[in-house]
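Data file: input-v8.pdb. Format and content: PDB, C-alpha atoms and all ligand atoms.
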```
ATOM      1  CA  MET A 724     -21.943   1.215  -7.157  1.00  0.00           C
ATOM      2  CA  ILE A 725     -21.423   0.725  -3.483  1.00  0.00           C
ATOM      3  CA  TYR A 726     -20.055  -2.445  -2.065  1.00  0.00           C
ATOM      4  CA  THR A 727     -21.972  -2.624   1.155  1.00  0.00           C
ATOM      5  CA  THR A 728     -20.715  -4.461   4.153  1.00  0.00           C
ATOM      6  CA  THR A 729     -23.818  -6.514   4.392  1.00  0.00           C
ATOM      7  CA  LYS A 730     -23.655  -7.519   0.786  1.00  0.00           C
ATOM      8  CA  LEU A 731     -20.055  -8.538   1.049  1.00  0.00           C
ATOM      9  CA  LEU A 732     -20.545 -10.315   4.331  1.00  0.00           C
ATOM     10  CA  LYS A 733     -23.649 -12.072   3.209  1.00  0.00           C
ATOM     11  CA  PHE A 734     -21.770 -13.212   0.248  1.00  0.00           C
ATOM     12  CA  LEU A 735     -18.836 -14.446   2.248  1.00  0.00           C
ATOM     13  CA  ALA A 736     -21.060 -16.054   4.797  1.00  0.00           C
ATOM     14  CA  LEU A 737     -23.045 -17.757   2.149  1.00  0.00           C
ATOM     15  CA  VAL A 738     -20.069 -19.174   0.375  1.00  0.00           C
ATOM     16  CA  ASN A 739     -17.886 -20.112   3.260  1.00  0.00           C
ATOM     17  CA  GLY A 740     -20.537 -20.884   5.800  1.00  0.00           C
ATOM     18  CA  ILE A 741     -18.722 -19.012   8.461  1.00  0.00           C
ATOM     19  CA  HIS A 742     -19.823 -17.075  11.397  1.00  0.00           C
ATOM     20  CA  LEU A 743     -19.046 -13.459  10.968  1.00  0.00           C
ATOM     21  CA  ILE A 744     -17.255 -11.764  13.447  1.00  0.00           C
ATOM     22  CA  THR A 745     -17.058  -8.681  15.373  1.00  0.00           C
ATOM     23  CA  ALA A 746     -13.797  -7.097  15.896  1.00  0.00           C
ATOM     24  CA  THR A 747     -11.867  -4.120  16.988  1.00  0.00           C
ATOM     25  CA  CYS A 748     -14.525  -1.795  15.710  1.00  0.00           C
ATOM     26  CA  LYS A 749     -17.419  -2.804  17.870  1.00  0.00           C
ATOM     27  CA  ASN A 750     -20.285  -1.692  15.712  1.00  0.00           C
ATOM     28  CA  SER A 751     -18.876  -2.763  12.444  1.00  0.00           C
ATOM     29  CA  LYS A 752     -18.295  -6.029  10.774  1.00  0.00           C
ATOM     30  CA  ILE A 753     -16.071  -4.668   8.091  1.00  0.00           C
ATOM     31  CA  GLU A 754     -13.005  -4.405  10.305  1.00  0.00           C
ATOM     32  CA  SER A 755     -12.668  -8.142  10.188  1.00  0.00           C
ATOM     33  CA  THR A 756     -13.322  -8.169   6.473  1.00  0.00           C
ATOM     34  CA  PRO A 757     -10.370  -7.792   4.142  1.00  0.00           C
ATOM     35  CA  THR A 758     -10.318  -4.206   2.915  1.00  0.00           C
ATOM     36  CA  SER A 759      -7.084  -4.166   0.900  1.00  0.00           C
ATOM     37  CA  LEU A 760      -9.062  -4.623  -2.278  1.00  0.00           C
ATOM     38  CA  TYR A 761     -11.055  -1.425  -1.724  1.00  0.00           C
ATOM     39  CA  GLU A 762      -7.977   0.545  -0.820  1.00  0.00           C
ATOM     40  CA  ASP A 763      -6.388  -0.789  -3.963  1.00  0.00           C
ATOM     41  CA  LEU A 764      -9.325   0.384  -6.055  1.00  0.00           C
ATOM     42  CA  ARG A 765      -9.239   3.727  -4.217  1.00  0.00           C
ATOM     43  CA  CYS A 766     -12.841   3.326  -3.088  1.00  0.00           C
ATOM     44  CA  LEU A 767     -14.022   5.790  -0.480  1.00  0.00           C
ATOM     45  CA  PRO A 768     -14.715   4.456   2.977  1.00  0.00           C
ATOM     46  CA  LYS A 769     -18.018   5.533   4.501  1.00  0.00           C
ATOM     47  CA  TYR A 770     -17.990   5.751   8.239  1.00  0.00           C
ATOM     48  CA  GLU A 771     -20.725   5.205  10.754  1.00  0.00           C
ATOM     49  CA  ASP A 772     -20.017   5.654  14.443  1.00  0.00           C
ATOM     50  CA  GLY A 773     -16.336   5.789  13.652  1.00  0.00           C
ATOM     51  CA  CYS A 774     -16.384   2.473  11.830  1.00  0.00           C
ATOM     52  CA  ILE A 775     -16.157   1.813   8.146  1.00  0.00           C
ATOM     53  CA  LYS A 776     -19.565   0.660   7.070  1.00  0.00           C
ATOM     54  CA  GLU A 777     -19.108   0.455   3.343  1.00  0.00           C
ATOM     55  CA  TYR A 778     -16.904   1.519   0.469  1.00  0.00           C
ATOM     56  CA  ASP A 779     -18.088   3.688  -2.354  1.00  0.00           C
ATOM     57  CA  CYS A 780     -16.477   2.521  -5.590  1.00  0.00           C
ATOM     58  CA  SER A 781     -18.673   4.529  -7.918  1.00  0.00           C
ATOM     59  CA  HIS A 782     -15.721   6.373  -9.455  1.00  0.00           C
ATOM     60  CA  ILE A 783     -14.838   3.122 -11.247  1.00  0.00           C
ATOM     61  CA  TYR A 784     -18.293   2.717 -12.714  1.00  0.00           C
ATOM     62  CA  ASN A 785     -18.729   6.384 -13.582  1.00  0.00           C
ATOM     63  CA  ARG A 786     -15.414   6.813 -15.339  1.00  0.00           C
ATOM     64  CA  PRO A 787     -15.297   8.018 -18.943  1.00  0.00           C
ATOM     65  CA  LYS A 788     -16.233   5.377 -21.502  1.00  0.00           C
ATOM     66  CA  GLY A 789     -13.311   3.718 -23.259  1.00  0.00           C
ATOM     67  CA  THR A 790     -10.886   4.009 -20.375  1.00  0.00           C
ATOM     68  CA  CYS A 791      -9.262   1.504 -18.028  1.00  0.00           C
ATOM     69  CA  HIS A 792      -9.114   2.116 -14.303  1.00  0.00           C
ATOM     70  CA  PHE A 793      -6.044   1.513 -12.195  1.00  0.00           C
ATOM     71  CA  LYS A 794      -5.710   2.634  -8.595  1.00  0.00           C
ATOM     72  CA  GLY A 795      -7.758   5.759  -8.943  1.00  0.00           C
ATOM     73  CA  LYS A 796      -6.487   6.718 -12.377  1.00  0.00           C
ATOM     74  CA  ASN A 797      -8.245   6.462 -15.721  1.00  0.00           C
ATOM     75  CA  LEU A 798      -6.033   5.334 -18.567  1.00  0.00           C
ATOM     76  CA  LYS A 799      -6.767   5.700 -22.259  1.00  0.00           C
ATOM     77  CA  ILE A 800      -6.412   2.769 -24.624  1.00  0.00           C
ATOM     78  CA  GLY A 801      -2.727   2.200 -25.261  1.00  0.00           C
ATOM     79  CA  GLU A 802      -1.692   4.076 -22.151  1.00  0.00           C
ATOM     80  CA  GLU A 803       0.647   2.275 -19.759  1.00  0.00           C
ATOM     81  CA  ILE A 804       0.502   1.973 -16.008  1.00  0.00           C
ATOM     82  CA  ASP A 805       3.413   3.759 -14.397  1.00  0.00           C
ATOM     83  CA  ASN A 806       5.775   0.945 -13.356  1.00  0.00           C
ATOM     84  CA  GLY A 807       6.290   2.716 -10.051  1.00  0.00           C
ATOM     85  CA  GLU A 808       2.694   1.831  -9.215  1.00  0.00           C
ATOM     86  CA  LEU A 809       3.271  -1.855  -9.694  1.00  0.00           C
ATOM     87  CA  GLY A 810       4.890  -2.259  -6.295  1.00  0.00           C
ATOM     88  CA  GLY A 811       5.393  -5.888  -5.375  1.00  0.00           C
ATOM     89  CA  VAL A 812       4.218  -7.446  -8.640  1.00  0.00           C
ATOM     90  CA  TRP A 813       6.205  -9.114 -11.354  1.00  0.00           C
ATOM     91  CA  ASP A 814       4.597  -7.490 -14.393  1.00  0.00           C
ATOM     92  CA  ARG A 815       5.882  -4.337 -16.056  1.00  0.00           C
ATOM     93  CA  ASP A 816       4.845  -2.024 -18.920  1.00  0.00           C
ATOM     94  CA  CYS A 817       1.179  -3.000 -18.708  1.00  0.00           C
ATOM     95  CA  ALA A 818      -1.127  -1.163 -21.095  1.00  0.00           C
ATOM     96  CA  CYS A 819      -4.853  -0.571 -21.357  1.00  0.00           C
ATOM     97  CA  THR A 820      -6.215  -2.502 -24.341  1.00  0.00           C
ATOM     98  CA  GLU A 821      -9.257  -2.087 -26.593  1.00  0.00           C
ATOM     99  CA  SER A 822     -11.183  -4.558 -24.463  1.00  0.00           C
ATOM    100  CA  LEU A 823     -10.456  -2.278 -21.486  1.00  0.00           C
ATOM    101  CA  GLU A 824      -8.300  -4.821 -19.733  1.00  0.00           C
ATOM    102  CA  PHE A 825      -4.615  -4.617 -19.025  1.00  0.00           C
ATOM    103  CA  GLU A 826      -2.085  -6.526 -20.991  1.00  0.00           C
ATOM    104  CA  CYS A 827       1.487  -6.903 -19.870  1.00  0.00           C
ATOM    105  CA  PRO A 828       4.286  -8.216 -22.058  1.00  0.00           C
ATOM    106  CA  GLU A 829       5.316 -11.736 -21.225  1.00  0.00           C
ATOM    107  CA  LEU A 830       8.523 -11.632 -19.226  1.00  0.00           C
ATOM    108  CA  SER A 831      10.450 -14.813 -19.709  1.00  0.00           C
ATOM    109  CA  ASP A 832      13.234 -14.962 -17.194  1.00  0.00           C
ATOM    110  CA  GLY A 833      11.675 -14.841 -13.729  1.00  0.00           C
ATOM    111  CA  CYS A 834      13.515 -14.014 -10.514  1.00  0.00           C
ATOM    112  CA  ALA A 835      17.244 -14.730 -10.561  1.00  0.00           C
ATOM    113  CA  GLU A 836      17.023 -16.526  -7.213  1.00  0.00           C
ATOM    114  CA  ASP A 837      14.761 -19.092  -8.853  1.00  0.00           C
ATOM    115  CA  TRP A 838      17.039 -20.032 -11.697  1.00  0.00           C
ATOM    116  CA  VAL A 839      20.544 -18.557 -11.496  1.00  0.00           C
ATOM    117  CA  ASP A 840      23.023 -21.189 -10.313  1.00  0.00           C
ATOM    118  CA  GLY A 841      24.904 -20.177  -7.219  1.00  0.00           C
ATOM    119  CA  TYR A 842      22.619 -17.237  -6.446  1.00  0.00           C
ATOM    120  CA  PRO A 843      22.363 -16.510  -3.680  1.00  0.00           C
ATOM    121  CA  ASP A 844      25.839 -17.582  -2.726  1.00  0.00           C
ATOM    122  CA  PRO A 845      25.528 -20.361  -0.111  1.00  0.00           C
ATOM    123  CA  VAL A 846      27.091 -18.183   2.587  1.00  0.00           C
ATOM    124  CA  CYS A 847      24.864 -15.233   1.735  1.00  0.00           C
ATOM    125  CA  TYR A 848      21.147 -14.648   2.038  1.00  0.00           C
ATOM    126  CA  LEU A 849      18.592 -12.766  -0.034  1.00  0.00           C
ATOM    127  CA  ARG A 850      17.678  -9.195   0.717  1.00  0.00           C
ATOM    128  CA  TYR A 851      14.123  -8.034   0.047  1.00  0.00           C
ATOM    129  CA  GLU A 852      12.630  -4.612  -0.481  1.00  0.00           C
ATOM    130  CA  LEU A 853       8.933  -3.825  -0.157  1.00  0.00           C
ATOM    131  CA  ASP A 854       8.366  -2.758  -3.733  1.00  0.00           C
ATOM    132  CA  SER A 855      10.205  -5.511  -5.495  1.00  0.00           C
ATOM    133  CA  TYR A 856       8.778  -8.845  -6.453  1.00  0.00           C
ATOM    134  CA  CYS A 857      12.156 -10.564  -6.713  1.00  0.00           C
ATOM    135  CA  ALA A 858      14.872 -10.339  -4.106  1.00  0.00           C
ATOM    136  CA  ALA A 859      16.656  -7.010  -4.329  1.00  0.00           C
ATOM    137  CA  GLY A 860      20.098  -8.535  -3.848  1.00  0.00           C
ATOM    138  CA  GLN A 861      22.090 -10.680  -1.469  1.00  0.00           C
ATOM    139  CA  ILE A 862      23.821  -9.910   1.787  1.00  0.00           C
ATOM    140  CA  CYS A 863      27.113 -11.682   2.360  1.00  0.00           C
ATOM    141  CA  PRO A 864      29.490 -12.045   5.283  1.00  0.00           C
ATOM    142  CA  PRO A 865      30.815 -10.376   7.252  1.00  0.00           C
ATOM    143  CA  PHE A 866      27.426  -9.519   8.717  1.00  0.00           C
ATOM    144  CA  ASP A 867      28.875  -7.228  11.424  1.00  0.00           C
ATOM    145  CA  ASN A 868      27.652  -3.991   9.992  1.00  0.00           C
ATOM    146  CA  THR A 869      24.290  -5.148   8.724  1.00  0.00           C
ATOM    147  CA  ARG A 870      21.157  -3.919  10.389  1.00  0.00           C
ATOM    148  CA  LYS A 871      19.216  -5.933  12.953  1.00  0.00           C
ATOM    149  CA  CYS A 872      15.629  -4.919  13.554  1.00  0.00           C
ATOM    150  CA  GLU A 873      14.038  -5.852  16.816  1.00  0.00           C
ATOM    151  CA  VAL A 874      10.276  -5.819  16.658  1.00  0.00           C
ATOM    152  CA  GLU A 875       8.407  -6.843  19.773  1.00  0.00           C
ATOM    153  CA  GLY A 876      10.905  -9.450  20.786  1.00  0.00           C
ATOM    154  CA  THR A 877      11.681 -10.815  17.332  1.00  0.00           C
ATOM    155  CA  VAL A 878      14.963  -9.937  15.689  1.00  0.00           C
ATOM    156  CA  TYR A 879      14.984  -9.653  11.922  1.00  0.00           C
ATOM    157  CA  LYS A 880      18.018  -9.482   9.678  1.00  0.00           C
ATOM    158  CA  GLU A 881      18.549  -6.673   7.232  1.00  0.00           C
ATOM    159  CA  GLY A 882      16.515  -7.406   4.124  1.00  0.00           C
ATOM    160  CA  ASP A 883      13.970  -9.633   5.896  1.00  0.00           C
ATOM    161  CA  MET A 884      10.343  -9.045   5.121  1.00  0.00           C
ATOM    162  CA  PHE A 885       7.777  -9.584   7.881  1.00  0.00           C
ATOM    163  CA  GLY A 886       4.120  -8.947   8.606  1.00  0.00           C
ATOM    164  CA  HIS A 887       3.234  -5.895  10.686  1.00  0.00           C
ATOM    165  CA  PRO A 888       2.656  -7.162  14.234  1.00  0.00           C
ATOM    166  CA  HIS A 889      -0.649  -5.302  14.648  1.00  0.00           C
ATOM    167  CA  LYS A 890      -1.859  -4.011  11.311  1.00  0.00           C
ATOM    168  CA  LYS A 891      -3.475  -6.593   9.118  1.00  0.00           C
ATOM    169  CA  CYS A 892      -2.386  -6.774   5.524  1.00  0.00           C
ATOM    170  CA  THR A 893       0.656  -4.620   6.047  1.00  0.00           C
ATOM    171  CA  LYS A 894       4.179  -5.736   5.289  1.00  0.00           C
ATOM    172  CA  CYS A 895       7.371  -4.419   6.764  1.00  0.00           C
ATOM    173  CA  VAL A 896      10.981  -4.775   5.822  1.00  0.00           C
ATOM    174  CA  CYS A 897      14.084  -4.616   7.951  1.00  0.00           C
ATOM    175  CA  ASP A 898      15.722  -1.784   6.064  1.00  0.00           C
ATOM    176  CA  LYS A 899      19.257  -0.483   6.553  1.00  0.00           C
ATOM    177  CA  HIS A 900      17.756   2.766   7.845  1.00  0.00           C
ATOM    178  CA  PHE A 901      15.030   1.190  10.000  1.00  0.00           C
ATOM    179  CA  ASP A 902      14.420   3.399  13.022  1.00  0.00           C
ATOM    180  CA  GLY A 903      12.092   1.151  14.978  1.00  0.00           C
ATOM    181  CA  LYS A 904       8.953   2.806  13.653  1.00  0.00           C
ATOM    182  CA  LEU A 905       6.552   0.442  11.961  1.00  0.00           C
ATOM    183  CA  GLU A 906       5.495   3.068   9.451  1.00  0.00           C
ATOM    184  CA  PRO A 907       6.157   3.983   5.830  1.00  0.00           C
ATOM    185  CA  PRO A 908       8.587   3.598   4.187  1.00  0.00           C
ATOM    186  CA  PHE A 909       9.441   0.551   6.320  1.00  0.00           C
ATOM    187  CA  CYS A 910       5.883  -0.764   6.442  1.00  0.00           C
ATOM    188  CA  GLN A 911       3.331  -0.521   3.642  1.00  0.00           C
ATOM    189  CA  PRO A 912      -0.095  -1.946   3.015  1.00  0.00           C
ATOM    190  CA  VAL A 913      -0.096  -4.925   0.683  1.00  0.00           C
ATOM    191  CA  ASN A 914      -1.093  -4.213  -2.893  1.00  0.00           C
ATOM    192  CA  CYS A 915      -3.682  -6.536  -4.346  1.00  0.00           C
ATOM    193  CA  THR A 916      -3.214  -4.932  -7.757  1.00  0.00           C
ATOM    194  CA  VAL A 917      -6.388  -6.745  -8.791  1.00  0.00           C
ATOM    195  CA  GLU A 918      -7.091  -4.491 -11.729  1.00  0.00           C
ATOM    196  CA  LEU A 919      -4.130  -5.852 -13.618  1.00  0.00           C
ATOM    197  CA  LYS A 920      -5.827  -9.220 -14.106  1.00  0.00           C
ATOM    198  CA  SER A 921      -9.409  -8.749 -13.005  1.00  0.00           C
ATOM    199  CA  SER A 922     -10.629  -5.446 -14.385  1.00  0.00           C
ATOM    200  CA  LYS A 923     -13.404  -7.217 -16.301  1.00  0.00           C
ATOM    201  CA  SER A 924     -14.670  -8.898 -13.145  1.00  0.00           C
ATOM    202  CA  ILE A 925     -14.698  -5.574 -11.382  1.00  0.00           C
ATOM    203  CA  ASP A 926     -16.470  -3.830 -14.257  1.00  0.00           C
ATOM    204  CA  ASN A 927     -19.028  -6.643 -14.255  1.00  0.00           C
ATOM    205  CA  TYR A 928     -19.815  -6.199 -10.570  1.00  0.00           C
ATOM    206  CA  CYS A 929     -18.461  -9.618  -9.644  1.00  0.00           C
ATOM    207  CA  ALA A 930     -18.015 -10.395  -5.976  1.00  0.00           C
ATOM    208  CA  PRO A 931     -14.547 -10.992  -4.564  1.00  0.00           C
ATOM    209  CA  PHE A 932     -14.033 -14.472  -3.185  1.00  0.00           C
ATOM    210  CA  TYR A 933     -11.518 -15.234  -0.470  1.00  0.00           C
ATOM    211  CA  GLU A 934     -10.531 -18.859  -0.304  1.00  0.00           C
ATOM    212  CA  ASN A 935      -9.236 -18.684   3.260  1.00  0.00           C
ATOM    213  CA  TYR A 936     -11.419 -16.096   4.838  1.00  0.00           C
ATOM    214  CA  PRO A 937     -10.583 -14.554   7.245  1.00  0.00           C
ATOM    215  CA  GLY A 938      -6.903 -13.891   7.237  1.00  0.00           C
ATOM    216  CA  GLU A 939      -6.469 -13.303   3.576  1.00  0.00           C
ATOM    217  CA  CYS A 940      -5.847  -9.850   2.207  1.00  0.00           C
ATOM    218  CA  CYS A 941      -6.660 -10.159  -1.474  1.00  0.00           C
ATOM    219  CA  PRO A 942      -9.345 -12.117  -3.312  1.00  0.00           C
ATOM    220  CA  ASP A 943      -8.381 -15.387  -4.991  1.00  0.00           C
ATOM    221  CA  ARG A 944     -11.092 -15.218  -7.589  1.00  0.00           C
ATOM    222  CA  TRP A 945     -14.397 -13.629  -8.468  1.00  0.00           C
ATOM    223  CA  ILE A 946     -17.947 -14.854  -8.498  1.00  0.00           C
ATOM    224  CA  CYS A 947     -19.851 -13.347 -11.365  1.00  0.00           C
TER
HETATM  225  C1  LIG B1001       2.515  -1.175  -2.763  1.00  0.00           C
HETATM  226  O1  LIG B1001       2.790  -0.324  -3.851  1.00  0.00           O
HETATM  227  C2  LIG B1001       3.407   0.900  -3.539  1.00  0.00           C
HETATM  228  C3  LIG B1001       3.687   1.651  -4.824  1.00  0.00           C
HETATM  229  O2  LIG B1001       2.590   1.747  -5.602  1.00  0.00           O
HETATM  230  C4  LIG B1001       4.700   0.670  -2.809  1.00  0.00           C
HETATM  231  O3  LIG B1001       5.251   1.894  -2.395  1.00  0.00           O
HETATM  232  C5  LIG B1001       4.485  -0.240  -1.606  1.00  0.00           C
HETATM  233  O4  LIG B1001       5.716  -0.548  -1.018  1.00  0.00           O
HETATM  234  C6  LIG B1001       3.801  -1.510  -2.030  1.00  0.00           C
HETATM  235  N1  LIG B1001       3.534  -2.335  -0.854  1.00  0.00           N
HETATM  236  C7  LIG B1001       4.172  -3.456  -0.653  1.00  0.00           C
HETATM  237  C8  LIG B1001       3.831  -4.200   0.599  1.00  0.00           C
HETATM  238  O5  LIG B1001       5.004  -3.886  -1.434  1.00  0.00           O
END
```

Kindly transcribe the structure held in the file into structure tokens.
Amino acid sequence: MIYTTTKLLKFLALVNGIHLITATCKNSKIESTPTSLYEDLRCLPKYEDGCIKEYDCSHIYNRPKGTCHFKGKNLKIGEEIDNGELGGVWDRDCACTESLEFECPELSDGCAEDWVDGYPDPVCYLRYELDSYCAAGQICPPFDNTRKCEVEGTVYKEGDMFGHPHKKCTKCVCDKHFDGKLEPPFCQPVNCTVELKSSKSIDNYCAPFYENYPGECCPDRWIC
């Protein structure tokens, strides 16, 4: 199956009643359309005049029967997603089930910063890393030898997470080793990780729906 630009845009236009845009890529409308989802699914972009015209997601629909799909990989029933691929999400140890959906064990505690008394310490602040869903730790005084990252006039503290100033749907972190380059590993595209919860919707050719289009990177729900 191919998700064509026109199909997606028609759909979005229909639902949100918005005027669809032009953008950086003059001949294409997809540049202004969120594409994180397709990158997440490892669909292949098809170019026309240097612009992405559509994404070919047929590998998902042509995969061997009785397998789950996650970010370009086919998993057998019972097989778990490598936790390293769950960058930025809370769930862990998620496995492909008989119904070809993913199931993750219920994790009860949540992020420490949400429930541990006195964390972070009132004089400290939370430090974030790109891959982690919860804060990765706290940074406490003295702050003299912590990193400051200046990005186009804004100064971020070490451990701050911020949106890439030019690339949509890309997050950056002010890392200890930040060298001023807004590139990996300091900046990474956001992960929608839609297949964790919505593999059925994808298998059923449902259309992604973005509540606050444009400006949103990942779909909020699916229209089937
Ligand atoms: C997305 O996931 C990858 C690992 O699969 C990770 O390296 C990357 O940092 C994540 N992106 C964000 C913005 O967290």

Kindly work out which residues sit at most 6 Å from ligand LIG 1001 (chain B), using only C-alpha atoms and all ligand atoms, and give the list as a PDB file with C-alpha atoms, in the coordinates of the input.
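The result, written out as pocket02.pdb:
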```
ATOM      1  CA  GLY A 807       6.290   2.716 -10.051  1.00  0.00           C
ATOM      2  CA  GLU A 808       2.694   1.831  -9.215  1.00  0.00           C
ATOM      3  CA  LEU A 809       3.271  -1.855  -9.694  1.00  0.00           C
ATOM      4  CA  GLY A 810       4.890  -2.259  -6.295  1.00  0.00           C
ATOM      5  CA  GLY A 811       5.393  -5.888  -5.375  1.00  0.00           C
ATOM      6  CA  LEU A 853       8.933  -3.825  -0.157  1.00  0.00           C
ATOM      7  CA  ASP A 854       8.366  -2.758  -3.733  1.00  0.00           C
ATOM      8  CA  LYS A 894       4.179  -5.736   5.289  1.00  0.00           C
ATOM      9  CA  GLN A 911       3.331  -0.521   3.642  1.00  0.00           C
ATOM     10  CA  PRO A 912      -0.095  -1.946   3.015  1.00  0.00           C
ATOM     11  CA  VAL A 913      -0.096  -4.925   0.683  1.00  0.00           C
ATOM     12  CA  ASN A 914      -1.093  -4.213  -2.893  1.00  0.00           C
TER      13      ASN A 914
END
```

Which residues, named as in the file, does the PyMOL selection byres (((chain A and resi 922) around 10) and not hetatm) pick out? Answer as a list in words.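 That expression, the PyMOL selection byres (((chain A and resi 922) around 10) and not hetatm), corresponds here to Cys791, His792, Phe793, Leu823, Glu824, Phe825, Thr916, Val917, Glu918, Leu919, Lys920, Ser921, Lys923, Ser924, Ile925, Asp926, Asn927 and Tyr928 of chain A.
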
Under the rule that all atoms listed in the file are counted, which of A:Leu849, A:Ile783, A:Ile775, A:Cys897 is the nearest residue to A:Pro757?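 Going through A:Leu849, A:Ile783, A:Ile775, A:Cys897 one by one, the smallest distance to A:Pro757 is for A:Ile775.
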
Result set, the PyMOL selection byres (((chain A and resi 863) around 12) and not hetatm) on current file, as a PyMOL selection string: chain A and resi 842-850+860-862+864-869+880-882

Within 7 Å of (-19.9, 3.0, 3.4) in the file's own coordinates, which protein, DNA or RNA residues have an atom, counting all atoms listed in the file? List them as a list in words.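 Output: Thr727, Pro768, Lys769, Tyr770, Ile775, Lys776, Glu777, Tyr778 and Asp779 of chain A.
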
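For the choices A:Leu798, A:Glu762, A:Glu836, A:Pro908, the atom-to-atom distance to A:Cys819 is smallest for A:Leu798 when using all atoms listed in the file.
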
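Nearest residue to A:Thr756 among A:Cys895, A:Cys827, A:Ile946, A:Cys941 is A:Cys941, counting all atoms listed in the file.
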
Spell out the residues picked by the PyMOL selection byres (((chain A and resi 945) around 8) and not hetatm) here, as a list in words. Ser924, Cys929, Ala930, Pro931, Phe932, Pro942, Asp943, Arg944, Ile946 and Cys947 of chain A

Please indicate the distance in Å from atom CA of A:Asp902 to atom CA of A:Thr758, rounded to one decimal place.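 Between these atoms lies a distance of 27.8 Å.
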
5 Å per side around stretch 854-866 of chain A: axis-aligned box centre and edge lengths, as JSON:
```
{"center_x": 19.6, "center_y": -7.4, "center_z": 1.0, "size_x": 32.4, "size_y": 19.3, "size_z": 25.4}
```

By how many Å are atom CA of A:Cys872 and atom CA of A:Val896 apart?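 Distance between the two atoms: 9.0 Å.
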
Select, from A:Trp813, A:Phe901, A:Trp838, A:Tyr936, the residue with the minimum atom-to-atom distance to A:Lys871, counting all atoms listed in the file. A:Phe901

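Atom pair atom CA of A:Lys796 / atom CA of A:Leu905 has a distance of 28.3 Å (rounded to one decimal).
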
When you count all atoms listed in the file, which of these residues is closest to A:Gly886: A:Cys940, A:Ala859, A:Asp805, A:Ser781?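 Ranking A:Cys940, A:Ala859, A:Asp805, A:Ser781 by distance to A:Gly886, first place goes to A:Cys940.
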
Calculated over all atoms listed in the file, which of the candidates A:Tyr851, A:His887, A:Val874, A:Leu760 has the smallest distance to A:Lys899? A:Tyr851
